[in-house]
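Chemist: What follows is the file start.cif, containing mmCIF, C-alpha atoms:
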data_structure
#
loop_
_atom_site.group_PDB
_atom_site.id
_atom_site.type_symbol
_atom_site.label_atom_id
_atom_site.label_comp_id
_atom_site.auth_asym_id
_atom_site.auth_seq_id
_atom_site.Cartn_x
_atom_site.Cartn_y
_atom_site.Cartn_z
ATOM 1 C CA MET A 1 43.349 29.349 11.825
ATOM 2 C CA SER A 2 44.090 32.668 10.210
ATOM 3 C CA LYS A 3 46.110 35.364 11.935
ATOM 4 C CA HIS A 4 42.893 37.329 12.570
ATOM 5 C CA THR A 5 41.176 34.435 14.358
ATOM 6 C CA THR A 6 44.324 33.742 16.382
ATOM 7 C CA THR A 7 44.319 37.232 17.905
ATOM 8 C CA ALA A 8 40.552 37.707 18.184
ATOM 9 C CA GLY A 9 39.806 34.129 19.109
ATOM 10 C CA ILE A 10 37.384 31.596 17.738
ATOM 11 C CA THR A 11 34.007 30.309 18.864
ATOM 12 C CA VAL A 12 33.471 26.954 20.523
ATOM 13 C CA GLY A 13 32.104 25.581 17.238
ATOM 14 C CA GLN A 14 35.161 26.733 15.334
ATOM 15 C CA LEU A 15 37.430 25.276 18.009
ATOM 16 C CA ALA A 16 35.600 21.947 17.865
ATOM 17 C CA ARG A 17 35.860 21.803 14.060
ATOM 18 C CA ALA A 18 39.541 22.736 14.068
ATOM 19 C CA ALA A 19 40.277 20.052 16.666
ATOM 20 C CA ALA A 20 38.022 17.478 14.939
ATOM 21 C CA VAL A 21 35.877 16.974 18.043
ATOM 22 C CA ASN A 22 32.270 17.609 18.987
ATOM 23 C CA VAL A 23 31.278 20.847 20.730
ATOM 24 C CA GLU A 24 30.082 18.726 23.651
ATOM 25 C CA THR A 25 33.582 17.257 23.913
ATOM 26 C CA VAL A 26 35.005 20.750 24.353
ATOM 27 C CA ARG A 27 32.397 21.531 27.005
ATOM 28 C CA TYR A 28 33.093 18.231 28.766
ATOM 29 C CA TYR A 29 36.825 18.980 28.852
ATOM 30 C CA GLN A 30 35.968 22.305 30.465
ATOM 31 C CA ARG A 31 33.702 20.691 33.083
ATOM 32 C CA ILE A 32 36.405 18.222 34.142
ATOM 33 C CA GLY A 33 39.168 20.824 34.156
ATOM 34 C CA LEU A 34 41.172 19.772 31.096
ATOM 35 C CA LEU A 35 40.380 23.018 29.281
ATOM 36 C CA PRO A 36 39.926 26.395 30.948
ATOM 37 C CA LEU A 37 36.715 28.310 30.310
ATOM 38 C CA PRO A 38 37.652 31.498 28.443
ATOM 39 C CA ARG A 39 36.373 34.881 29.507
ATOM 40 C CA ARG A 40 33.780 36.721 27.450
ATOM 41 C CA ASN A 41 36.074 39.505 26.197
ATOM 42 C CA PHE A 42 34.324 40.090 22.888
ATOM 43 C CA GLY A 43 30.664 40.576 23.753
ATOM 44 C CA SER A 44 28.660 37.664 25.045
ATOM 45 C CA ILE A 45 30.459 34.987 23.029
ATOM 46 C CA ARG A 46 33.394 33.170 24.571
ATOM 47 C CA ARG A 47 36.489 33.214 22.374
ATOM 48 C CA TYR A 48 39.131 30.521 22.339
ATOM 49 C CA LEU A 49 42.765 31.091 21.484
ATOM 50 C CA ALA A 50 45.416 29.040 19.697
ATOM 51 C CA ASP A 51 46.603 27.580 23.020
ATOM 52 C CA ASP A 52 43.115 26.183 23.624
ATOM 53 C CA LEU A 53 43.200 24.431 20.265
ATOM 54 C CA LYS A 54 46.655 23.015 21.040
ATOM 55 C CA ARG A 55 45.358 21.757 24.382
ATOM 56 C CA VAL A 56 42.329 19.976 22.875
ATOM 57 C CA ARG A 57 44.557 18.376 20.245
ATOM 58 C CA PHE A 58 46.994 17.307 22.987
ATOM 59 C CA VAL A 59 44.142 15.620 24.870
ATOM 60 C CA LYS A 60 42.933 13.778 21.763
ATOM 61 C CA ARG A 61 46.444 12.596 20.819
ATOM 62 C CA ALA A 62 47.051 11.359 24.367
ATOM 63 C CA GLN A 63 43.736 9.490 24.318
ATOM 64 C CA LYS A 64 44.695 7.829 21.028
ATOM 65 C CA LEU A 65 47.788 6.501 22.809
ATOM 66 C CA GLY A 66 45.496 4.958 25.411
ATOM 67 C CA PHE A 67 45.862 7.466 28.221
ATOM 68 C CA SER A 68 42.757 7.932 30.357
ATOM 69 C CA LEU A 69 41.448 11.443 30.934
ATOM 70 C CA ASP A 70 42.859 11.316 34.479
ATOM 71 C CA GLU A 71 46.252 10.438 33.027
ATOM 72 C CA VAL A 72 45.866 13.222 30.457
ATOM 73 C CA ALA A 73 45.289 15.646 33.324
ATOM 74 C CA LEU A 74 48.535 14.408 34.894
ATOM 75 C CA LEU A 75 50.361 14.813 31.586
ATOM 76 C CA LEU A 76 49.051 18.366 31.239
ATOM 77 C CA GLY A 77 50.377 19.090 34.717
ATOM 78 C CA LEU A 78 53.760 17.698 33.710
ATOM 79 C CA SER A 79 53.919 19.532 30.374
ATOM 80 C CA ASP A 80 56.145 22.388 31.510
ATOM 81 C CA GLY A 81 59.241 20.493 30.364
ATOM 82 C CA ARG A 82 60.686 19.916 33.838
ATOM 83 C CA HIS A 83 59.083 16.553 34.561
ATOM 84 C CA CYS A 84 60.501 14.204 31.942
ATOM 85 C CA ALA A 85 61.127 11.378 34.433
ATOM 86 C CA GLU A 86 57.534 11.447 35.687
ATOM 87 C CA THR A 87 56.208 11.626 32.135
ATOM 88 C CA LYS A 88 58.410 8.695 31.120
ATOM 89 C CA ALA A 89 57.136 6.633 34.068
ATOM 90 C CA LEU A 90 53.529 7.330 33.075
ATOM 91 C CA ALA A 91 54.279 6.338 29.467
ATOM 92 C CA GLU A 92 56.023 3.151 30.643
ATOM 93 C CA THR A 93 52.963 2.257 32.715
ATOM 94 C CA ARG A 94 50.733 2.821 29.680
ATOM 95 C CA LEU A 95 53.068 0.660 27.543
ATOM 96 C CA ALA A 96 52.875 -2.176 30.086
ATOM 97 C CA VAL A 97 49.069 -2.069 29.914
ATOM 98 C CA VAL A 98 49.183 -2.119 26.099
ATOM 99 C CA GLU A 99 51.574 -5.070 26.084
ATOM 100 C CA GLU A 100 49.301 -6.952 28.499
ATOM 101 C CA LYS A 101 46.316 -6.295 26.233
ATOM 102 C CA ILE A 102 48.304 -7.517 23.223
ATOM 103 C CA ALA A 103 49.165 -10.739 25.098
ATOM 104 C CA ASP A 104 45.489 -11.201 26.001
ATOM 105 C CA LEU A 105 44.459 -10.638 22.389
ATOM 106 C CA GLU A 106 47.056 -13.129 21.172
ATOM 107 C CA ALA A 107 45.672 -15.752 23.582
ATOM 108 C CA ILE A 108 42.158 -15.043 22.289
ATOM 109 C CA ARG A 109 43.447 -15.280 18.718
ATOM 110 C CA GLN A 110 45.019 -18.671 19.349
ATOM 111 C CA ALA A 111 41.899 -19.980 21.117
ATOM 112 C CA LEU A 112 39.681 -18.899 18.229
ATOM 113 C CA LYS A 113 42.048 -20.418 15.670
ATOM 114 C CA GLY A 114 41.909 -23.711 17.569
ATOM 115 C CA LEU A 115 38.112 -23.671 17.693
ATOM 116 C CA ILE A 116 37.860 -22.818 14.006
ATOM 117 C CA ALA A 117 40.223 -25.677 13.175
ATOM 118 C CA LYS A 118 37.992 -28.047 15.145
ATOM 119 C CA CYS A 119 34.988 -26.808 13.136
ATOM 120 C CA SER A 120 36.749 -27.764 9.919
ATOM 121 C CA LYS A 121 37.350 -31.311 11.190
ATOM 122 C CA GLY A 122 33.882 -31.888 12.641
ATOM 123 C CA SER A 123 31.099 -33.695 10.892
ATOM 124 C CA ARG A 124 27.579 -32.442 10.484
ATOM 125 C CA GLY A 125 25.157 -33.308 13.241
ATOM 126 C CA CYS A 126 27.868 -33.738 15.907
ATOM 127 C CA GLY A 127 27.475 -30.324 17.468
ATOM 128 C CA CYS A 128 29.583 -27.277 16.982
ATOM 129 C CA PRO A 129 33.003 -27.077 18.667
ATOM 130 C CA VAL A 130 32.715 -23.297 19.105
ATOM 131 C CA ILE A 131 29.296 -23.527 20.777
ATOM 132 C CA ASP A 132 30.379 -26.563 22.808
ATOM 133 C CA ALA A 133 33.478 -24.702 24.068
ATOM 134 C CA LEU A 134 31.355 -21.718 25.102
ATOM 135 C CA ILE A 135 28.864 -23.946 26.944
ATOM 136 C CA GLU A 136 31.509 -25.991 28.809
ATOM 137 C CA GLU A 137 32.238 -24.906 32.339
ATOM 138 C CA GLU A 138 35.820 -24.428 33.372
ATOM 139 C CA SER A 139 36.964 -26.752 36.116
#
Mind turning the file's structure into structure tokens?
Modeler:
Amino acid sequence: MSKHTTTAGITVGQLARAAAVNVETVRYYQRIGLLPLPRRNFGSIRRYLADDLKRVRFVKRAQKLGFSLDEVALLLGLSDGRHCAETKALAETRLAVVEEKIADLEAIRQALKGLIAKCSKGSRGCGCPVIDALIEEES
């Protein structure tokens, strides 16, 4: 953003482009309270400031780390620099979820490798180990 747009503000379309999101994403963030709705200071068009762009980028970065929008709202509430312990606890919780997902994916990986290995050893006309494993009921 140029110095002129920083002081005068930018439109919702310009904000969306600068933050690499859709205009509807900006509007959604406003509806759920993650982004304040700016006043109409400059005629009938709402103008967003540099802080609004920083906020949208913050939300997107937090989402990329796996935080839900509810958790992002908590993080925004903790962003004054006086809540490091609470922020750390939230990040540790997110890390635990990620590690659990990684363990689940590794188990899936190993199961698929085993099924693929069985396919390589099977003979034609004897069924498919992958299909057979998916059909079998667990006991």
Chemist: Given the file shown, enumerate the residues that the PyMOL selection byres ((chain A and resi 14-25) around 8) captures and present them as a list in words.
Modeler: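 This file gives the following for the PyMOL selection byres ((chain A and resi 14-25) around 8): Met1, Ile10, Thr11, Val12, Gly13, Val26, Arg27, Tyr28, Tyr29, Tyr48, Leu53, Val56 and Arg57 of chain A.
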Chemist: Would you pick out the contacts of Ala133 (chain A) at 12 Å or less, using all atoms listed in the file, so that residues sharing its chain but fewer than 2 positions from it are not included, and give the list as a list of chain:residue names?
Modeler: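 Here the qualifying residues turn out to be A:Ala111, A:Leu112, A:Gly114, A:Leu115, A:Ile116, A:Lys118, A:Cys119, A:Gly127, A:Cys128, A:Pro129, A:Val130, A:Ile131, A:Ile135, A:Glu136, A:Glu137, A:Glu138.
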Chemist: Take CA of Leu75 (chain A) and CA of Lys88 (chain A) and report the distance between them in Å, one decimal.
Modeler: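 About the pair CA of Leu75 (chain A) and CA of Lys88 (chain A): they are 10.1 Å apart.
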Chemist: So which one's closest to Arg94 (chain A), A:Ser79, A:Gln30, A:Ser120, A:Gln63? Using only C-alpha atoms, please.
Modeler: A:Gln63
Chemist: Separation of CA of Arg39 (chain A) and CA of Gly9 (chain A), in Å?
Modeler: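 Those two atoms sit 11.0 Å apart.
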Chemist: Which is closest to Leu74 (chain A) among A:Val98, A:Leu134, A:Ala8, A:Leu34, if we use all atoms listed in the file?
Modeler: A:Leu34
Chemist: For the atom pair CA of Leu65 (chain A) and CA of Cys84 (chain A), what is the interatomic distance in Å to one decimal place?
Modeler: 17.4 Å
Chemist: Just want the 10 Å neighbourhood of Ala73 (chain A), counted on only C-alpha atoms, with same-chain residues fewer than 6 positions away dropped. Output as a PyMOL selection string.
Modeler: chain A and resi 32-35+59+67+79
